[in-house]
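S.K.: Got a structure here, written out as structure tokens. Questions coming.
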Number of protein chains: 2
Amino acid sequence: MTETNKQFRLAARPVGMPKRTDWNVVTEPAKEPGEGEVVVKVLLLSLDPAMRGWMNEGKSYIRPVEIDEVMRAGGVGVVTASKSTKFKPGDHVVGTLGVQQVAVVHEKTLTRVDPRMAPLPVFLSTLGMPGMTAYFGLLEVGQAKSGETVVVSGAAGAVGQVVGQIAKIKGCTVIGIAGGADKCKYVKEELAFDACIDYKSEDVKKALRTHCPKGIDVYFDNVGGDILEAALANLARHARIVVCGAISQYNNAGPMKGPANYLSLLVNRARMEGMVVFDYADRYAEAAKEMAGWMAQGKLKSREDVVSGLDDFPERLLMLFRGENFGKLVLKVADA
Amino acid sequence: MTETNKQFRLAARPVGMPKRTDWNVVTEPAKEPGEGEVVVKVLLLSLDPAMRGWMNEGKSYIRPVEIDEVMRAGGVGVVTASKSTKFKPGDHVVGTLGVQQVAVVHEKTLTRVDPRMAPLPVFLSTLGMPGMTAYFGLLEVGQAKSGETVVVSGAAGAVGQVVGQIAKIKGCTVIGIAGGADKCKYVKEELAFDACIDYKSEDVKKALRTHCPKGIDVYFDNVGGDILEAALANLARHARIVVCGAISQYNNAGPMKGPANYLSLLVNRARMEGMVVFDYADRYAEAAKEMAGWMAQGKLKSREDVVSGLDDFPERLLMLFRGENFGKLVLKVADA
């Protein structure tokens, strides 16, 4: 029984916002698995800001997706056939599955997940890369400590929601920055941040001054641009800026905008440090265990925005850059 | 006997490059010392890039010079009268003396120096603030270690020359960046840096790639602007950028230029951290002792560019921003 596999393959390196024609949709029979390989029916795909960067040429923390290669994406799926001793049909797995219906991948690249432990989308969210990014970014790079003031942008997004909640668990005062009244309401009322600034209707620099009278100790940056500058303008002495992303800048056709007031780092003896979650891979299990415990205790909520389906991938991806997603954006490819 | 005191008082906050009319020259009788105060005949004044920042309004690591206040400057002088039990006429001292002929200052603000230990200009250079900045910036903030590649801009300047020499002493490969063939020759031949890039005639980004095949581990930034971007484009993983200054940007009438490629910090898991030398005041003596030892052994050379005189202060200060000084720029106000 050969399955059909619809795939999104990179057709062109986008200039500015990616568009449908930057991929070719190819339908072909699924590959046969080789020794050690596993056939995975893709159920859910993670849509992430980082995907925009993977479409560009040039050195980065990971190699670019090549032209005509299946677009890279993390996902959750169910094993349908296996030439691996580690996985059997019916197992649920996470891994880099790609934007397609059927992934044939090596057993080494997969991790088993237990669907009784949490709904499947959560394994792409708080118990997946965004959660790991938040955990290690805030605690290892940001060194957030009880009593400090933590500010996070993209506060209603996949990473931001977790950053703020962990900071609250650790005893910090937490200010979120998000776009729109609905997201801010969610961040304050559901996630219990101390405050949330609506960057669409407020002057972020002034609002940070009001909400952080002693300055910002940790700024977790997912967005870059003007909001990064607003945070730099409000640092406390010895502040740490965690550079996790810069979604406001990823689709610039021209040069990116650097923070004009970066000398605030000098004035405040502050630091700005980049992080890549893969560096903490050997500690994911430890973090997932702690976070699953917080979730079980109701201290850590996880919100996913599950949209369908594979055919709409290009348009769904753009939701991220328009700030239209609410919680972790997940593309539903197939029912279990 | 009342001495006359010629002073440069701030007349206006400059826009762009400071000009002569931004100060008023006032000559009046020197003040009488109060209890605990010391009268110091100013011999040498330190001309520093940071002075441009002190002329601006707004929050910084030190309060701005007020309009009509004597322009702030560090200096070396000789005590001519004293109402202090700590200093007596004939003592040589360093402190914030101001751009004037006679300073009347509190004993707490002065440190005695021994002119037999080093020529007086050295106390404003390698054994003064620039040396302390280099020492703590490189070793504490930059965490430079043996075998690493260190790059320093402003390599023939007051701070840069010391940074590179200490890095050599610590076993690093050291690449300087300076303006012009003469300075580069000095940096390579006299100071024994491994290489020096002439930013006036070379493509700094390409040259860094050539000289730092494994990337830059520590970049000590005195200049900002395009050279900061060139360094960011060549970082090694876990690199540290010490933000000490940004002389290329201090006289911008418009907004400063932020590093457009700061996401290199993310790709390389690198950090950028600001430093202010005053934070290390309780360790100056320890650093000065170690550096004086290196000087005595011939491992650490100190070059000063002594220019005269007080009347030419505004024009001499501009030498810094034009890159015309060669070594620490010192203004000679009077002979000993």
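Ordering of the structure tokens sets the chain letters (A, B, ...); residue numbers start at 1 within each chain; ligands are numbered from 1 in the order shown.
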Mind checking which residues fall within 9 Å of region 12-14 of chain A, counting only C-alpha atoms, ignoring those fewer than 2 positions away in the same chain, and posting them as a PyMOL selection string?

M.R.: chain A and resi 10+16-19+21-23+52+55-57+67-68+251

S.K.: What are the residues of chain A that have an atom within 7 Å of an atom of chain B, counting only C-alpha atoms, as a VMD selection string?

M.R.: chain A and resid 60 to 61 243 to 244 255 to 262 265 to 267 269 to 276

S.K.: For Ser84 (chain B), list every protein, DNA or RNA residue within 9 Å, evaluated using only C-alpha atoms, and leave out those in the same chain fewer than 5 positions away; present the list as a ChimeraX atom specification.

M.R.: /B:35-38,106-107

S.K.: Using the selection just defined, write its residues with all heavy atoms as a compact mmCIF listing (two decimals), in the first residue's frame.

M.R.:
# COMPACT_ATOMS: atom_id res chain seq x y z
N GLU B 35 37.29 74.42 54.19
CA GLU B 35 37.83 73.36 55.03
C GLU B 35 37.85 72.04 54.25
O GLU B 35 36.84 71.67 53.66
CB GLU B 35 36.99 73.26 56.32
CG GLU B 35 37.78 72.79 57.53
CD GLU B 35 39.11 73.52 57.68
OE1 GLU B 35 39.13 74.78 57.71
OE2 GLU B 35 40.15 72.82 57.72
N GLY B 36 38.97 71.35 54.23
CA GLY B 36 39.07 70.07 53.52
C GLY B 36 39.34 70.24 52.03
O GLY B 36 39.47 69.26 51.31
N GLU B 37 39.44 71.47 51.58
CA GLU B 37 39.66 71.70 50.15
C GLU B 37 41.13 71.97 49.84
O GLU B 37 41.92 72.36 50.69
CB GLU B 37 38.79 72.87 49.65
CG GLU B 37 37.32 72.45 49.54
CD GLU B 37 36.48 73.50 48.83
OE1 GLU B 37 36.79 74.71 48.94
OE2 GLU B 37 35.50 73.11 48.17
N VAL B 38 41.44 71.76 48.57
CA VAL B 38 42.82 71.83 48.11
C VAL B 38 42.86 72.70 46.86
O VAL B 38 41.96 72.59 46.01
CB VAL B 38 43.33 70.41 47.77
CG1 VAL B 38 44.77 70.45 47.27
CG2 VAL B 38 43.21 69.48 48.98
N HIS B 106 37.60 69.27 46.75
CA HIS B 106 37.66 68.60 48.05
C HIS B 106 38.70 67.48 48.01
O HIS B 106 38.86 66.80 47.00
CB HIS B 106 36.29 68.04 48.41
CG HIS B 106 36.18 67.72 49.87
ND1 HIS B 106 36.61 66.53 50.41
CD2 HIS B 106 35.73 68.47 50.91
CE1 HIS B 106 36.42 66.54 51.73
NE2 HIS B 106 35.88 67.72 52.05
N GLU B 107 39.38 67.30 49.12
CA GLU B 107 40.42 66.27 49.23
C GLU B 107 39.92 64.89 48.83
O GLU B 107 40.67 64.07 48.32
CB GLU B 107 40.98 66.22 50.66
CG GLU B 107 39.90 65.92 51.70
CD GLU B 107 40.42 65.79 53.13
OE1 GLU B 107 41.52 66.30 53.43
OE2 GLU B 107 39.71 65.18 53.94

S.K.: Could you check how far CA of Pro89 (chain A) sits from CA of Arg116 (chain A), in Å to one decimal?

M.R.: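 So the answer is 17.1 Å.
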
S.K.: As a ChimeraX atom specification, please: the residues near region 291-302 of chain A (cut-off 12 Å, only C-alpha atoms, same-chain neighbours under 3 positions excluded).

M.R.: /A:117-128,130-132,134-136,156-170,186-187,189-193,284-288,305,326-329

S.K.: Could you write those residues out with C-alpha atoms, as a PDB file, in the first residue's frame?

M.R.:
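Done, and the output landed in part.pdb:
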ATOM      1  CA  MET A 117      -0.266  13.449  29.203  1.00  0.00           C
ATOM      2  CA  ALA A 118      -1.467  16.517  27.271  1.00  0.00           C
ATOM      3  CA  PRO A 119      -3.443  17.338  24.113  1.00  0.00           C
ATOM      4  CA  LEU A 120      -1.225  16.860  21.071  1.00  0.00           C
ATOM      5  CA  PRO A 121      -0.910  20.592  20.191  1.00  0.00           C
ATOM      6  CA  VAL A 122       0.719  21.206  23.575  1.00  0.00           C
ATOM      7  CA  PHE A 123       3.718  19.122  22.441  1.00  0.00           C
ATOM      8  CA  LEU A 124       4.376  21.796  19.814  1.00  0.00           C
ATOM      9  CA  SER A 125       3.780  24.554  22.346  1.00  0.00           C
ATOM     10  CA  THR A 126       4.536  24.670  26.052  1.00  0.00           C
ATOM     11  CA  LEU A 127       5.965  21.137  26.125  1.00  0.00           C
ATOM     12  CA  GLY A 128       7.754  21.681  22.812  1.00  0.00           C
ATOM     13  CA  PRO A 130       8.467  27.329  22.375  1.00  0.00           C
ATOM     14  CA  GLY A 131       8.236  26.140  25.965  1.00  0.00           C
ATOM     15  CA  MET A 132      11.890  25.096  26.019  1.00  0.00           C
ATOM     16  CA  ALA A 134      10.955  30.296  27.184  1.00  0.00           C
ATOM     17  CA  TYR A 135      12.312  28.176  30.010  1.00  0.00           C
ATOM     18  CA  PHE A 136      16.003  28.312  29.150  1.00  0.00           C
ATOM     19  CA  ALA A 156       0.246  36.194  23.887  1.00  0.00           C
ATOM     20  CA  GLY A 157       2.439  34.188  21.530  1.00  0.00           C
ATOM     21  CA  ALA A 158       3.870  30.709  21.861  1.00  0.00           C
ATOM     22  CA  VAL A 159       7.046  31.709  23.686  1.00  0.00           C
ATOM     23  CA  GLY A 160       5.854  34.879  25.384  1.00  0.00           C
ATOM     24  CA  GLN A 161       2.956  33.281  27.229  1.00  0.00           C
ATOM     25  CA  VAL A 162       5.295  30.745  28.793  1.00  0.00           C
ATOM     26  CA  VAL A 163       8.025  33.286  29.626  1.00  0.00           C
ATOM     27  CA  GLY A 164       5.595  35.426  31.590  1.00  0.00           C
ATOM     28  CA  GLN A 165       4.005  32.558  33.461  1.00  0.00           C
ATOM     29  CA  ILE A 166       7.347  31.075  34.484  1.00  0.00           C
ATOM     30  CA  ALA A 167       8.493  34.526  35.596  1.00  0.00           C
ATOM     31  CA  LYS A 168       5.379  34.781  37.772  1.00  0.00           C
ATOM     32  CA  ILE A 169       6.053  31.322  39.213  1.00  0.00           C
ATOM     33  CA  LYS A 170       9.571  32.526  40.061  1.00  0.00           C
ATOM     34  CA  TYR A 186      -6.018  37.257  28.043  1.00  0.00           C
ATOM     35  CA  VAL A 187      -2.492  37.980  29.230  1.00  0.00           C
ATOM     36  CA  GLU A 189      -6.754  37.822  33.241  1.00  0.00           C
ATOM     37  CA  GLU A 190      -5.968  34.282  32.145  1.00  0.00           C
ATOM     38  CA  LEU A 191      -2.201  34.276  32.480  1.00  0.00           C
ATOM     39  CA  ALA A 192      -2.150  36.643  35.471  1.00  0.00           C
ATOM     40  CA  PHE A 193       0.646  38.915  34.269  1.00  0.00           C
ATOM     41  CA  TYR A 284      14.739  19.369  27.501  1.00  0.00           C
ATOM     42  CA  ALA A 285      13.484  16.388  29.481  1.00  0.00           C
ATOM     43  CA  GLU A 286      14.274  18.068  32.793  1.00  0.00           C
ATOM     44  CA  ALA A 287      12.472  21.266  31.722  1.00  0.00           C
ATOM     45  CA  ALA A 288       9.487  19.386  30.268  1.00  0.00           C
ATOM     46  CA  ASP A 305      -4.385  28.438  17.977  1.00  0.00           C
ATOM     47  CA  PHE A 326      -3.424  33.963  19.640  1.00  0.00           C
ATOM     48  CA  GLY A 327      -1.237  31.476  21.458  1.00  0.00           C
ATOM     49  CA  LYS A 328       0.929  28.957  19.647  1.00  0.00           C
ATOM     50  CA  LEU A 329      -0.030  28.700  15.957  1.00  0.00           C
TER      51      LEU A 329
END

S.K.: Could you check how far CA of Ser201 (chain A) sits from CA of Glu324 (chain A), in Å to one decimal?

M.R.: 15.9 Å

S.K.: What's the separation between CA of Val307 (chain B) and CA of Lys332 (chain B), in Å to one decimal place?

M.R.: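 Calculated distance between CA of Val307 (chain B) and CA of Lys332 (chain B) is 5.9 Å.
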
S.K.: Mind listing the helix (DSSP H, G or I) residues of region 3-110 of chain A, per DSSP on the backbone, as a list in words?

M.R.: Arg20, Thr21, Asp22, Ala50, Met51, Arg52, Gly53, Trp54, Glu107, Lys108 and Thr109 of chain A

S.K.: Show me, as a ChimeraX atom specification, the residues that have an atom within 12 Å of Ala103 (chain B) when counting only C-alpha atoms, minus same-chain residues fewer than 6 positions from it.

M.R.: /B:3-7,29-33,37-45,70-82,93-97,109-110

S.K.: Please identify all polymer residues within 10 Å of Asp203 (chain A), counting only C-alpha atoms, omitting same-chain residues fewer than 5 positions from it, and present them as a PyMOL selection string.

M.R.: chain A and resi 197-198+208+227+230

S.K.: Quick one: pick out all strand (DSSP E) residues within region 162-260 of chain B from a backbone DSSP run and write them as a tab-separated table (two decimals) with all heavy atoms, in the first residue's frame.

M.R.:
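The file below, out-v4.tsv, is the result:
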chain	number	residue	atom	x	y	z
B	173	THR	N	45.24	36.06	20.55
B	173	THR	CA	45.57	36.62	19.24
B	173	THR	C	44.83	37.95	19.17
B	173	THR	O	43.63	38.01	19.46
B	173	THR	CB	45.06	35.69	18.12
B	173	THR	OG1	45.75	34.45	18.24
B	173	THR	CG2	45.32	36.29	16.74
B	174	VAL	N	45.55	39.01	18.79
B	174	VAL	CA	44.95	40.35	18.88
B	174	VAL	C	45.00	41.07	17.53
B	174	VAL	O	46.07	41.22	16.93
B	174	VAL	CB	45.69	41.21	19.93
B	174	VAL	CG1	45.05	42.59	20.03
B	174	VAL	CG2	45.66	40.52	21.29
B	175	ILE	N	43.83	41.50	17.09
B	175	ILE	CA	43.71	42.27	15.86
B	175	ILE	C	43.22	43.66	16.23
B	175	ILE	O	42.18	43.81	16.87
B	175	ILE	CB	42.67	41.63	14.90
B	175	ILE	CG1	42.84	40.10	14.80
B	175	ILE	CG2	42.70	42.31	13.54
B	175	ILE	CD1	44.17	39.63	14.31
B	176	GLY	N	43.97	44.68	15.83
B	176	GLY	CA	43.54	46.05	16.06
B	176	GLY	C	42.85	46.61	14.83
B	176	GLY	O	43.03	46.12	13.71
B	177	ILE	N	42.04	47.63	15.06
B	177	ILE	CA	41.46	48.40	13.95
B	177	ILE	C	41.80	49.87	14.24
B	177	ILE	O	41.52	50.35	15.35
B	177	ILE	CB	39.93	48.22	13.86
B	177	ILE	CG1	39.57	46.74	13.73
B	177	ILE	CG2	39.36	49.03	12.69
B	177	ILE	CD1	38.06	46.46	13.85
B	178	ALA	N	42.43	50.53	13.29
B	178	ALA	CA	42.83	51.93	13.49
B	178	ALA	C	42.77	52.65	12.16
B	178	ALA	O	42.61	52.03	11.11
B	178	ALA	CB	44.24	51.99	14.10
B	195	ALA	N	47.92	41.79	14.11
B	195	ALA	CA	47.58	42.46	12.86
B	195	ALA	C	46.85	43.75	13.19
B	195	ALA	O	46.36	43.93	14.32
B	195	ALA	CB	46.68	41.57	11.99
B	196	CYS	N	46.80	44.66	12.22
B	196	CYS	CA	46.01	45.87	12.40
B	196	CYS	C	45.32	46.20	11.08
B	196	CYS	O	45.95	46.21	10.02
B	196	CYS	CB	46.88	47.03	12.88
B	196	CYS	SG	45.88	48.48	13.34
B	197	ILE	N	44.04	46.43	11.14
B	197	ILE	CA	43.24	46.75	9.96
B	197	ILE	C	43.09	48.27	9.88
B	197	ILE	O	42.69	48.90	10.86
B	197	ILE	CB	41.85	46.08	10.05
B	197	ILE	CG1	42.02	44.56	10.11
B	197	ILE	CG2	40.96	46.51	8.89
B	197	ILE	CD1	40.76	43.81	10.55
B	198	ASP	N	43.42	48.83	8.74
B	198	ASP	CA	43.27	50.26	8.52
B	198	ASP	C	41.87	50.53	7.97
B	198	ASP	O	41.60	50.28	6.80
B	198	ASP	CB	44.35	50.73	7.54
B	198	ASP	CG	44.21	52.21	7.21
B	198	ASP	OD1	43.34	52.89	7.78
B	198	ASP	OD2	45.00	52.68	6.36
B	216	ILE	N	35.61	36.02	15.93
B	216	ILE	CA	36.05	36.89	17.02
B	216	ILE	C	35.45	36.39	18.34
B	216	ILE	O	34.25	36.20	18.43
B	216	ILE	CB	35.54	38.33	16.78
B	216	ILE	CG1	36.07	38.89	15.45
B	216	ILE	CG2	35.91	39.23	17.95
B	216	ILE	CD1	35.36	40.16	15.00
B	217	ASP	N	36.31	36.19	19.33
B	217	ASP	CA	35.80	35.78	20.64
B	217	ASP	C	35.44	36.99	21.51
B	217	ASP	O	34.44	36.98	22.21
B	217	ASP	CB	36.84	34.92	21.36
B	217	ASP	CG	37.08	33.60	20.63
B	217	ASP	OD1	36.10	32.84	20.47
B	217	ASP	OD2	38.21	33.36	20.19
B	218	VAL	N	36.29	38.00	21.47
B	218	VAL	CA	36.02	39.22	22.23
B	218	VAL	C	36.20	40.41	21.29
B	218	VAL	O	37.27	40.56	20.68
B	218	VAL	CB	36.96	39.39	23.45
B	218	VAL	CG1	36.65	40.71	24.17
B	218	VAL	CG2	36.82	38.21	24.41
B	219	TYR	N	35.17	41.23	21.16
B	219	TYR	CA	35.32	42.48	20.42
B	219	TYR	C	35.14	43.62	21.42
B	219	TYR	O	34.09	43.76	22.05
B	219	TYR	CB	34.28	42.60	19.29
B	219	TYR	CG	34.31	43.98	18.66
B	219	TYR	CD1	35.50	44.49	18.15
B	219	TYR	CD2	33.19	44.78	18.61
B	219	TYR	CE1	35.56	45.76	17.62
B	219	TYR	CE2	33.23	46.05	18.06
B	219	TYR	CZ	34.42	46.54	17.58
B	219	TYR	OH	34.49	47.81	17.06
B	220	PHE	N	36.17	44.43	21.54
B	220	PHE	CA	36.15	45.57	22.46
B	220	PHE	C	35.84	46.79	21.62
B	220	PHE	O	36.66	47.23	20.81
B	220	PHE	CB	37.52	45.69	23.14
B	220	PHE	CG	37.52	46.59	24.35
B	220	PHE	CD1	37.63	46.06	25.62
B	220	PHE	CD2	37.39	47.97	24.22
B	220	PHE	CE1	37.64	46.88	26.75
B	220	PHE	CE2	37.38	48.79	25.33
B	220	PHE	CZ	37.52	48.26	26.60
B	221	ASP	N	34.63	47.33	21.79
B	221	ASP	CA	34.17	48.38	20.88
B	221	ASP	C	34.30	49.77	21.47
B	221	ASP	O	33.65	50.11	22.45
B	221	ASP	CB	32.71	48.13	20.49
B	221	ASP	CG	32.28	49.04	19.33
B	221	ASP	OD1	33.16	49.43	18.54
B	221	ASP	OD2	31.08	49.35	19.23
B	235	LEU	N	31.48	37.16	14.32
B	235	LEU	CA	31.60	36.63	15.68
B	235	LEU	C	31.81	35.12	15.67
B	235	LEU	O	31.27	34.40	14.83
B	235	LEU	CB	30.33	36.93	16.48
B	235	LEU	CG	30.00	38.40	16.73
B	235	LEU	CD1	28.75	38.50	17.62
B	235	LEU	CD2	31.16	39.13	17.38
B	236	ALA	N	32.55	34.66	16.64
B	236	ALA	CA	32.61	33.23	16.96
B	236	ALA	C	31.44	32.90	17.88
B	236	ALA	O	30.84	33.80	18.48
B	236	ALA	CB	33.92	32.90	17.66
B	237	ARG	N	31.15	31.64	18.01
B	237	ARG	CA	30.09	31.25	18.92
B	237	ARG	C	30.48	31.65	20.35
B	237	ARG	O	31.64	31.54	20.73
B	237	ARG	CB	29.84	29.74	18.83
B	237	ARG	CG	28.48	29.38	19.38
B	237	ARG	CD	28.15	27.93	19.14
B	237	ARG	NE	27.54	27.73	17.84
B	237	ARG	CZ	26.80	26.65	17.55
B	237	ARG	NH1	26.62	25.72	18.46
B	237	ARG	NH2	26.25	26.53	16.37
B	238	HIS	N	29.49	32.14	21.10
B	238	HIS	CA	29.67	32.59	22.49
B	238	HIS	C	30.61	33.79	22.61
B	238	HIS	O	31.29	33.97	23.63
B	238	HIS	CB	30.16	31.44	23.38
B	238	HIS	CG	29.24	30.27	23.40
B	238	HIS	ND1	27.91	30.38	23.82
B	238	HIS	CD2	29.39	28.98	23.03
B	238	HIS	CE1	27.33	29.20	23.72
B	238	HIS	NE2	28.19	28.33	23.22
B	239	ALA	N	30.64	34.60	21.56
B	239	ALA	CA	31.47	35.81	21.59
B	239	ALA	C	30.94	36.83	22.60
B	239	ALA	O	29.76	36.80	22.95
B	239	ALA	CB	31.51	36.44	20.21
B	240	ARG	N	31.83	37.69	23.07
B	240	ARG	CA	31.46	38.78	23.96
B	240	ARG	C	31.86	40.11	23.31
B	240	ARG	O	33.02	40.26	22.91
B	240	ARG	CB	32.18	38.67	25.31
B	240	ARG	CG	31.66	37.55	26.20
B	240	ARG	CD	32.28	36.20	25.87
B	240	ARG	NE	33.70	36.13	26.20
B	240	ARG	CZ	34.54	35.21	25.74
B	240	ARG	NH1	34.12	34.27	24.89
B	240	ARG	NH2	35.81	35.22	26.09
B	241	ILE	N	30.91	41.01	23.21
B	241	ILE	CA	31.21	42.37	22.74
B	241	ILE	C	31.18	43.29	23.96
B	241	ILE	O	30.17	43.35	24.66
B	241	ILE	CB	30.19	42.84	21.69
B	241	ILE	CG1	30.29	41.96	20.44
B	241	ILE	CG2	30.39	44.31	21.35
B	241	ILE	CD1	29.31	42.33	19.35
B	242	VAL	N	32.29	43.97	24.20
B	242	VAL	CA	32.36	44.92	25.30
B	242	VAL	C	32.00	46.30	24.73
B	242	VAL	O	32.70	46.81	23.85
B	242	VAL	CB	33.78	44.97	25.91
B	242	VAL	CG1	33.80	45.93	27.09
B	242	VAL	CG2	34.24	43.57	26.33
B	243	VAL	N	30.91	46.86	25.19
B	243	VAL	CA	30.49	48.18	24.71
B	243	VAL	C	31.10	49.22	25.62
B	243	VAL	O	30.62	49.46	26.74
B	243	VAL	CB	28.95	48.31	24.68
B	243	VAL	CG1	28.55	49.68	24.15
B	243	VAL	CG2	28.33	47.20	23.85
